[in-house]
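The file data-v3.cif contains mmCIF, C-alpha atoms:
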```cif
data_final
loop_
_atom_site.label_atom_id
_atom_site.label_comp_id
_atom_site.auth_asym_id
_atom_site.auth_seq_id
_atom_site.Cartn_x
_atom_site.Cartn_y
_atom_site.Cartn_z
CA MET I 1 20.62 13.58 8.93
CA GLN I 2 18.59 16.40 7.45
CA THR I 3 16.65 18.64 9.75
CA MET I 4 12.98 18.89 8.92
CA LYS I 5 11.79 22.35 8.00
CA GLN I 6 8.42 23.30 9.35
CA SER I 7 7.10 24.66 6.09
CA LYS I 8 7.74 21.49 4.13
CA ASP I 9 5.10 20.27 1.80
CA PRO I 10 3.94 16.96 3.30
CA PHE I 11 4.51 15.29 -0.02
CA GLU I 12 8.14 16.28 0.10
CA VAL I 13 8.24 15.25 3.69
CA ALA I 14 7.27 11.74 2.76
CA PHE I 15 9.88 11.72 0.05
CA GLU I 16 12.57 12.91 2.43
CA GLU I 17 11.62 10.33 4.97
CA GLN I 18 12.17 7.71 2.38
CA GLU I 19 15.61 8.98 1.62
CA GLU I 20 16.99 9.56 5.04
CA SER I 21 15.65 6.73 7.09
CA PRO I 22 17.82 3.70 6.61
CA PRO I 23 16.24 0.36 5.98
CA GLU I 24 15.05 -1.76 8.86
CA SER I 25 17.97 -3.08 10.76
CA PRO I 26 18.15 -6.81 11.35
CA ILE I 27 19.58 -8.63 14.30
CA ALA I 28 23.19 -7.82 13.56
CA ALA I 29 24.34 -4.24 13.37
CA ASP I 30 26.65 -4.88 10.45
CA GLU I 31 23.73 -5.29 8.09
CA ASN I 32 23.13 -1.58 8.41
CA GLU I 33 26.28 -1.00 6.43
CA THR I 34 25.18 -3.18 3.60
CA GLN I 35 21.73 -1.72 3.52
CA THR I 36 22.46 1.96 3.58
CA PRO I 37 24.29 1.96 0.25
CA ALA I 38 21.52 -0.21 -1.07
CA ALA I 39 19.06 2.35 0.21
CA ALA I 40 20.90 5.07 -1.61
CA ALA I 41 20.77 3.00 -4.74
CA ALA I 42 17.14 2.18 -4.24
CA SER I 43 16.10 5.78 -3.73
CA GLY I 44 17.76 6.56 -6.99
CA GLN I 45 15.68 3.99 -8.82
CA GLY I 46 14.22 5.56 -11.91
CA ASP I 47 11.00 7.44 -11.47
CA ASP I 48 10.04 5.66 -8.30
CA VAL I 49 9.34 8.81 -6.45
CA GLY I 50 8.26 8.00 -2.98
CA THR I 51 7.12 4.54 -3.88
CA SER I 52 9.41 3.07 -1.30
CA VAL I 53 7.37 4.53 1.49
CA PRO I 54 5.38 1.57 2.53
CA PRO I 55 1.78 1.96 3.49
CA SER I 56 0.21 0.37 6.53
CA LEU I 57 -2.89 -1.60 7.10
CA PRO I 58 -5.60 -0.58 9.48
CA SER I 59 -5.93 -2.35 12.79
CA THR I 60 -5.92 -6.08 12.85
CA THR I 61 -8.55 -8.29 14.31
CA THR I 62 -6.95 -8.20 17.73
CA GLY I 63 -8.32 -4.73 18.05
CA ALA I 64 -5.09 -3.46 19.45
CA ALA I 65 -4.55 -1.26 16.43
CA ILE I 66 -0.98 -2.37 16.13
CA SER I 67 0.79 -0.44 13.47
CA ILE I 68 2.31 -2.30 10.64
CA GLY I 69 5.42 -1.33 8.80
CA ALA I 70 7.71 1.62 9.02
CA ALA I 71 7.79 4.70 6.90
CA GLY I 72 11.25 4.32 5.53
CA PRO I 73 12.58 0.87 4.66
CA ILE I 74 13.79 0.70 1.17
CA VAL I 75 15.70 -2.54 0.92
CA LYS I 76 15.18 -5.14 3.56
CA SER I 77 16.30 -8.67 4.04
CA LYS I 78 13.74 -11.18 5.11
CA GLU I 79 15.45 -12.41 8.26
CA GLU I 80 15.02 -9.16 10.07
CA ASP I 81 11.25 -9.22 10.11
CA GLU I 82 11.17 -11.34 13.25
CA GLU I 83 13.05 -8.81 15.33
CA GLU I 84 11.09 -5.77 14.45
CA ASP I 85 7.78 -7.50 14.75
CA GLU I 86 8.46 -7.73 18.46
CA GLU I 87 8.86 -3.99 18.50
CA ASN I 88 5.72 -3.59 16.42
CA MET I 89 3.60 -5.23 19.05
CA GLU I 90 4.57 -2.81 21.75
CA ILE I 91 4.07 0.31 19.70
CA GLU I 92 0.48 1.25 19.27
CA LEU I 93 -1.69 3.29 17.01
CA GLY I 94 0.86 3.82 14.27
CA LYS I 95 2.18 7.03 15.70
CA PHE I 96 5.73 5.76 15.77
CA PRO I 97 7.25 3.62 13.11
CA PRO I 98 8.19 0.29 14.53
CA SER I 99 11.79 -0.56 14.08
CA GLY I 100 14.22 -2.82 15.80
CA ASP I 101 16.85 -0.19 15.29
CA PRO I 102 16.91 2.35 18.13
CA ASP I 103 18.90 4.68 15.95
CA LYS I 104 16.27 4.65 13.30
CA MET I 105 13.52 5.00 15.86
CA ALA I 106 15.28 8.04 17.25
CA LYS I 107 15.52 9.56 13.81
CA MET I 108 11.89 8.88 13.16
CA GLN I 109 11.00 10.44 16.47
CA THR I 110 12.84 13.65 15.67
CA ILE I 111 11.08 13.85 12.34
CA LEU I 112 7.68 13.17 13.80
CA SER I 113 8.16 15.64 16.61
CA GLN I 114 8.72 18.40 14.10
CA PHE I 115 5.66 17.71 12.05
CA THR I 116 3.09 20.42 11.73
CA ASP I 117 -0.46 19.48 12.56
CA GLU I 118 -1.27 19.13 8.91
CA GLN I 119 1.70 16.90 8.30
CA MET I 120 0.82 14.76 11.28
CA ASN I 121 -2.73 14.47 10.05
CA ARG I 122 -1.61 13.37 6.65
CA TYR I 123 0.92 10.95 8.04
CA GLU I 124 -1.73 9.42 10.24
CA SER I 125 -4.01 8.98 7.25
CA PHE I 126 -1.15 7.44 5.37
CA ARG I 127 -0.45 4.91 8.09
CA ARG I 128 -3.97 4.03 8.96
CA SER I 129 -5.66 3.96 5.61
CA GLY I 130 -6.18 0.73 3.81
CA PHE I 131 -8.64 -1.36 1.94
CA GLN I 132 -11.30 -3.11 3.93
CA LYS I 133 -10.51 -6.78 4.12
CA ALA I 134 -14.10 -7.74 3.42
CA ASN I 135 -14.33 -5.62 0.29
CA MET I 136 -11.03 -6.84 -1.03
CA LYS I 137 -12.00 -10.42 -0.31
CA ARG I 138 -15.24 -9.94 -2.19
CA LEU I 139 -13.42 -8.44 -5.14
CA LEU I 140 -10.85 -11.23 -5.22
CA THR I 141 -13.52 -13.88 -4.99
CA SER I 142 -15.38 -12.38 -7.89
CA ILE I 143 -12.25 -12.16 -10.01
CA THR I 144 -10.97 -15.64 -9.33
CA GLY I 145 -14.34 -17.26 -9.27
CA SER I 146 -13.12 -19.52 -6.50
CA SER I 147 -14.71 -19.36 -3.12
CA LYS I 148 -11.66 -19.53 -0.90
CA ILE I 149 -9.43 -16.56 -0.67
CA SER I 150 -6.96 -16.94 2.13
CA VAL I 151 -6.43 -14.12 4.58
CA PRO I 152 -2.73 -13.73 3.72
CA MET I 153 -3.67 -13.36 0.09
CA THR I 154 -6.10 -10.57 0.96
CA ILE I 155 -3.42 -8.91 3.02
CA VAL I 156 -0.85 -9.11 0.23
CA VAL I 157 -3.19 -7.80 -2.45
CA SER I 158 -4.40 -4.99 -0.21
CA GLY I 159 -0.80 -4.02 0.49
CA ILE I 160 0.12 -4.08 -3.17
CA ALA I 161 -2.97 -2.11 -4.12
CA LYS I 162 -2.29 0.52 -1.50
CA MET I 163 1.24 1.02 -2.73
CA PHE I 164 -0.09 1.28 -6.24
CA VAL I 165 -2.48 4.03 -5.16
CA GLY I 166 0.54 5.72 -3.63
CA GLU I 167 2.41 5.54 -6.90
CA LEU I 168 -0.59 6.94 -8.75
CA VAL I 169 -1.15 9.84 -6.38
CA GLU I 170 2.51 10.77 -6.14
CA THR I 171 3.04 10.61 -9.88
CA ALA I 172 -0.12 12.69 -10.33
CA ARG I 173 1.34 15.29 -7.99
CA ILE I 174 4.52 15.34 -10.05
CA VAL I 175 2.43 15.87 -13.16
CA MET I 176 0.71 18.76 -11.43
CA THR I 177 3.96 20.44 -10.50
CA GLU I 178 5.16 20.08 -14.06
CA ARG I 179 1.99 21.73 -15.28
CA LYS I 180 2.22 24.28 -12.49
CA GLU I 181 -1.26 23.51 -11.26
CA ARG I 182 -2.48 23.51 -7.69
CA GLY I 183 -5.33 22.22 -5.63
CA PRO I 184 -6.96 18.80 -5.54
CA ILE I 185 -5.85 16.17 -7.99
CA ARG I 186 -8.04 15.97 -11.05
CA PRO I 187 -8.79 12.92 -13.18
CA CYS I 188 -6.61 14.21 -16.01
CA HIS I 189 -3.61 14.11 -13.70
CA ILE I 190 -4.41 10.59 -12.64
CA ARG I 191 -4.75 9.51 -16.24
CA GLU I 192 -1.41 11.00 -17.14
CA ALA I 193 0.13 9.39 -14.07
CA PHE I 194 -1.36 6.06 -15.05
CA ARG I 195 0.02 6.45 -18.54
CA ARG I 196 3.48 7.12 -17.16
CA LEU I 197 3.32 4.16 -14.81
CA LYS I 198 2.39 1.96 -17.73
CA LEU I 199 5.41 3.20 -19.63
CA GLU I 200 7.58 2.38 -16.64
CA GLY I 201 6.20 -1.11 -16.63
CA LYS I 202 4.65 -0.89 -13.20
CA VAL I 203 1.22 -1.87 -14.39
CA PRO I 204 0.57 -5.47 -15.36
CA ARG I 205 0.02 -5.56 -19.08
CA ARG I 206 -2.54 -7.82 -20.59
CA SER I 207 -1.10 -10.35 -22.96
CA VAL I 208 -4.47 -10.45 -24.68
CA PRO I 209 -5.65 -6.97 -25.55
CA ARG I 210 -8.85 -5.95 -23.90
CA LEU I 211 -11.67 -5.60 -26.41
CA PHE I 212 -14.95 -3.74 -26.17
CA ARG I 213 -13.77 -1.32 -23.55
CA MET B 214 -16.27 12.34 -19.11
CA ASN B 215 -17.53 10.20 -16.31
CA ASN B 216 -20.89 8.55 -16.65
CA PRO B 217 -22.37 7.70 -13.29
CA SER B 218 -24.02 4.33 -13.52
CA ALA B 219 -27.65 3.92 -12.63
CA GLY B 220 -28.36 1.37 -9.98
CA PRO B 221 -26.57 -1.93 -9.81
CA SER B 222 -25.44 -2.14 -13.43
CA SER B 223 -21.77 -2.22 -14.29
CA LYS B 224 -20.02 1.08 -14.37
CA THR B 225 -19.10 2.60 -17.68
CA LYS B 226 -16.24 4.74 -16.57
CA VAL B 227 -13.01 5.18 -18.44
CA GLY B 228 -10.71 2.29 -17.91
CA SER B 229 -13.32 -0.16 -16.74
CA SER B 230 -15.34 -2.68 -18.62
CA GLN B 231 -15.50 -5.34 -16.06
CA SER B 232 -18.62 -6.98 -17.45
CA SER B 233 -16.62 -8.84 -20.03
CA GLU B 234 -14.22 -10.14 -17.41
CA THR B 235 -16.27 -10.80 -14.31
CA SER B 236 -19.71 -12.17 -13.91
CA PHE B 237 -20.77 -9.85 -11.16
CA LYS B 238 -22.15 -6.35 -11.18
CA ARG B 239 -19.80 -4.00 -9.43
CA LYS B 240 -21.36 -1.35 -7.28
CA ARG B 241 -19.79 2.03 -7.46
CA GLY B 242 -17.76 3.42 -4.63
CA VAL B 243 -16.94 0.16 -2.92
CA PHE B 244 -13.57 1.53 -1.88
CA GLN B 245 -14.58 5.12 -1.90
CA LYS B 246 -14.17 5.90 1.79
CA ASP B 247 -10.90 4.03 2.12
CA LEU B 248 -9.55 5.64 -1.01
CA GLN B 249 -10.31 9.13 0.19
CA HIS B 250 -8.19 8.65 3.30
CA MET B 251 -5.52 6.87 1.34
CA MET B 252 -5.22 9.55 -1.29
CA TYR B 253 -5.01 12.23 1.34
CA GLY B 254 -2.27 10.27 3.06
CA PHE B 255 -0.31 10.04 -0.16
CA GLY B 256 -0.52 13.72 -0.99
CA ASP B 257 -3.92 14.67 -2.31
CA ASP B 258 -6.26 17.26 -0.85
CA PRO B 259 -7.93 16.47 2.46
CA ASN B 260 -11.09 16.16 0.39
CA PRO B 261 -10.20 14.56 -2.91
CA LEU B 262 -12.51 15.23 -5.82
CA PRO B 263 -15.18 12.52 -6.16
CA GLU B 264 -14.45 12.00 -9.83
CA THR B 265 -10.78 11.51 -9.02
CA VAL B 266 -11.61 8.95 -6.35
CA ALA B 267 -13.92 7.13 -8.71
CA LEU B 268 -11.25 7.04 -11.41
CA VAL B 269 -8.63 5.78 -8.98
CA GLU B 270 -11.03 3.10 -7.82
CA ASP B 271 -11.56 1.98 -11.40
CA ILE B 272 -7.85 1.92 -12.04
CA VAL B 273 -7.14 -0.02 -8.87
CA VAL B 274 -9.82 -2.60 -9.59
CA GLU B 275 -8.45 -3.02 -13.09
CA TYR B 276 -4.95 -3.32 -11.65
CA VAL B 277 -5.97 -5.95 -9.14
CA THR B 278 -7.94 -7.81 -11.78
CA ASP B 279 -5.05 -7.94 -14.21
CA MET B 280 -2.70 -8.97 -11.44
CA VAL B 281 -4.95 -11.76 -10.32
CA HIS B 282 -5.32 -13.02 -13.86
CA LYS B 283 -1.57 -13.04 -14.25
CA ALA B 284 -1.16 -14.81 -10.94
CA GLN B 285 -3.72 -17.36 -12.01
CA ASP B 286 -1.77 -17.96 -15.20
CA ILE B 287 1.32 -18.64 -13.13
CA ALA B 288 -0.57 -20.80 -10.68
CA SER B 289 -2.41 -22.82 -13.28
CA LYS B 290 0.63 -25.00 -13.83
CA ARG B 291 0.68 -25.95 -10.20
CA GLY B 292 -3.03 -25.98 -9.54
CA LYS B 293 -4.18 -23.75 -6.75
CA LEU B 294 -3.71 -20.01 -6.55
CA LEU B 295 -1.32 -19.24 -3.72
CA THR B 296 -0.02 -16.12 -2.05
CA GLU B 297 3.42 -16.97 -3.40
CA ASP B 298 2.14 -16.38 -6.94
CA PHE B 299 1.51 -12.75 -6.10
CA LEU B 300 4.91 -12.44 -4.52
CA PHE B 301 6.43 -13.87 -7.66
CA LEU B 302 4.59 -11.29 -9.74
CA ILE B 303 5.98 -8.35 -7.82
CA ARG B 304 9.45 -9.80 -7.39
CA LYS B 305 10.98 -7.07 -9.52
CA ASP B 306 9.30 -4.29 -7.58
CA LEU B 307 11.42 -4.25 -4.45
CA PRO B 308 9.44 -1.81 -2.30
CA LYS B 309 6.24 -3.78 -2.87
CA LEU B 310 7.94 -7.09 -2.32
CA ASN B 311 9.55 -6.00 0.92
CA ARG B 312 6.31 -4.51 2.12
CA CYS B 313 4.43 -7.73 1.42
CA THR B 314 6.92 -9.94 3.16
CA GLU B 315 6.80 -7.56 6.09
CA LEU B 316 3.00 -7.71 6.20
CA LEU B 317 3.00 -11.48 5.97
CA SER B 318 5.45 -11.99 8.80
CA MET B 319 3.55 -9.48 10.91
CA ASN B 320 0.45 -11.52 10.30
CA GLU B 321 2.25 -14.64 11.42
CA GLU B 322 3.57 -12.90 14.48
CA LEU B 323 0.11 -11.74 15.43
CA LYS B 324 -1.30 -15.21 14.94
CA GLN B 325 1.30 -16.63 17.29
CA ALA B 326 0.64 -13.92 19.80
CA ARG B 327 -3.07 -14.60 19.72
CA LYS B 328 -2.47 -18.29 20.17
CA ALA B 329 -0.22 -17.67 23.12
CA PHE B 330 -2.81 -15.32 24.57
CA GLU B 331 -5.50 -17.96 24.37
CA VAL B 332 -3.27 -20.53 26.00
CA ASP B 333 -2.59 -18.16 28.87
CA GLU B 334 -6.26 -17.48 29.28
CA GLU B 335 -6.94 -21.17 29.54
CA LYS B 336 -4.26 -21.55 32.14
CA LEU B 337 -5.70 -18.73 34.15
CA ALA B 338 -9.16 -20.17 33.89
CA SER B 339 -8.05 -23.61 34.96
CA THR B 340 -6.12 -22.41 37.98
CA GLU B 341 -9.00 -20.37 39.39
#
```

Could you rewrite the structure in this file as structure tokens?
Amino acid sequence: MQTMKQSKDPFEVAFEEQEESPPESPIAADENETQTPAAAAASGQGDDVGTSVPPSLPSTTTGAAISIGAAGPIVKSKEEDEEEDEENMEIELGKFPPSGDPDKMAKMQTILSQFTDEQMNRYESFRRSGFQKANMKRLLTSITGSSKISVPMTIVVSGIAKMFVGELVETARIVMTERKERGPIRPCHIREAFRRLKLEGKVPRRSVPRLFR
Amino acid sequence: MNNPSAGPSSKTKVGSSQSSETSFKRKRGVFQKDLQHMMYGFGDDPNPLPETVALVEDIVVEYVTDMVHKAQDIASKRGKLLTEDFLFLIRKDLPKLNRCTELLSMNEELKQARKAFEVDEEKLASTE
């Protein structure tokens, strides 16, 4: 396991977290073996820098602000979700990544304990930020034209959209480092990032070209 | 570069011409507050530039729109638009797919927990 350096750029921190934290462990311990090589393969996927770091949704309607998702899973099997959801319920406010794997939790704890204030701030924003359900629902309703958008659908689209924002911002940061620029991200970086994502095929292409833009 | 729209009319920013696709007028900055926190979380400045946020919002809305249209194409054979259609769309993108399945099962878990909570409450109420 790598030790976290205090002076790390939070962006790199997120990237490192993705690499070193193994995927969520399922019920059986042996699945860890199969997943870690898969994780190594997944983190080497193309230009997917940091896209494996899953975002989280803000608090649910129970008001308990239960955190959703962990910071590091890269490849997961579906059966394991049941186990770690139990853990999720006990852990509150998204400070700790929920995980059924005590080993992974311990790793996460060591990382989190060494965060600077700024890193912690950013991580908190990362976990807690999300699209408002109402706004997303309204958007989906207007796009589909149908009145009933189920809650799970809103959840899925919000999750996908958040990860897409992550891809955009992280790619934009890469563009900035290539251009040796600093400071806040500017629209030109986002546009270049968007262009690159399109080339990678991560943006749904329209089969009918859009006219009158 | 960016032309702020006046009032409720559709925005005319780069990458957005929603008026030909949707029949509603999109207000600007619907996701602005959420996006600011999100972008900071993903690596931007603590205060992202407003024009950057606006552009990201446009791009995200376009992304969601195109995705929904694609999902509708897939679903049209079956009839109704279902959550599974979205999952099918992102099947190649493993991080997104895993994240979505995780979110969905969490949602289920919470629903069960809430149900169980209500049942307990009823029991308590009835015994008193």

inquiry  = Distance cut-off 12 Å, centre (-5.1, -19.1, -3.7) in file coordinates, counting all atoms listed in the file: which residues qualify? Return them as a ChimeraX atom specification.
reply    = /I:137,140-141,143-154,156-157 /B:281-282,284-285,287-289,291-299

request  = Please indicate the distance in Å from CA of Leu199 in chain I to CA of Val165 in chain I, rounded to one decimal place.
outcome  = 16.5 Å

Expected selection from the PyMOL selection byres ((chain B and resi 269) around 12), given as an MDAnalysis selection string = (chainID I and resid 161:162 164:169 172 185:191 193:194) or (chainID B and resid 226:229 241:245 247:249 251:252 261:268 270:276)

ask   = So how far away is CA of Met163 in chain I from CA of Arg127 in chain I, in Å?
value = 11.6 Å

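When all atoms listed in the file are used to compute distances to chain B, the closest of the residues I:Arg122, I:Lys198, I:Lys180, I:Lys107 turns out to be I:Arg122.
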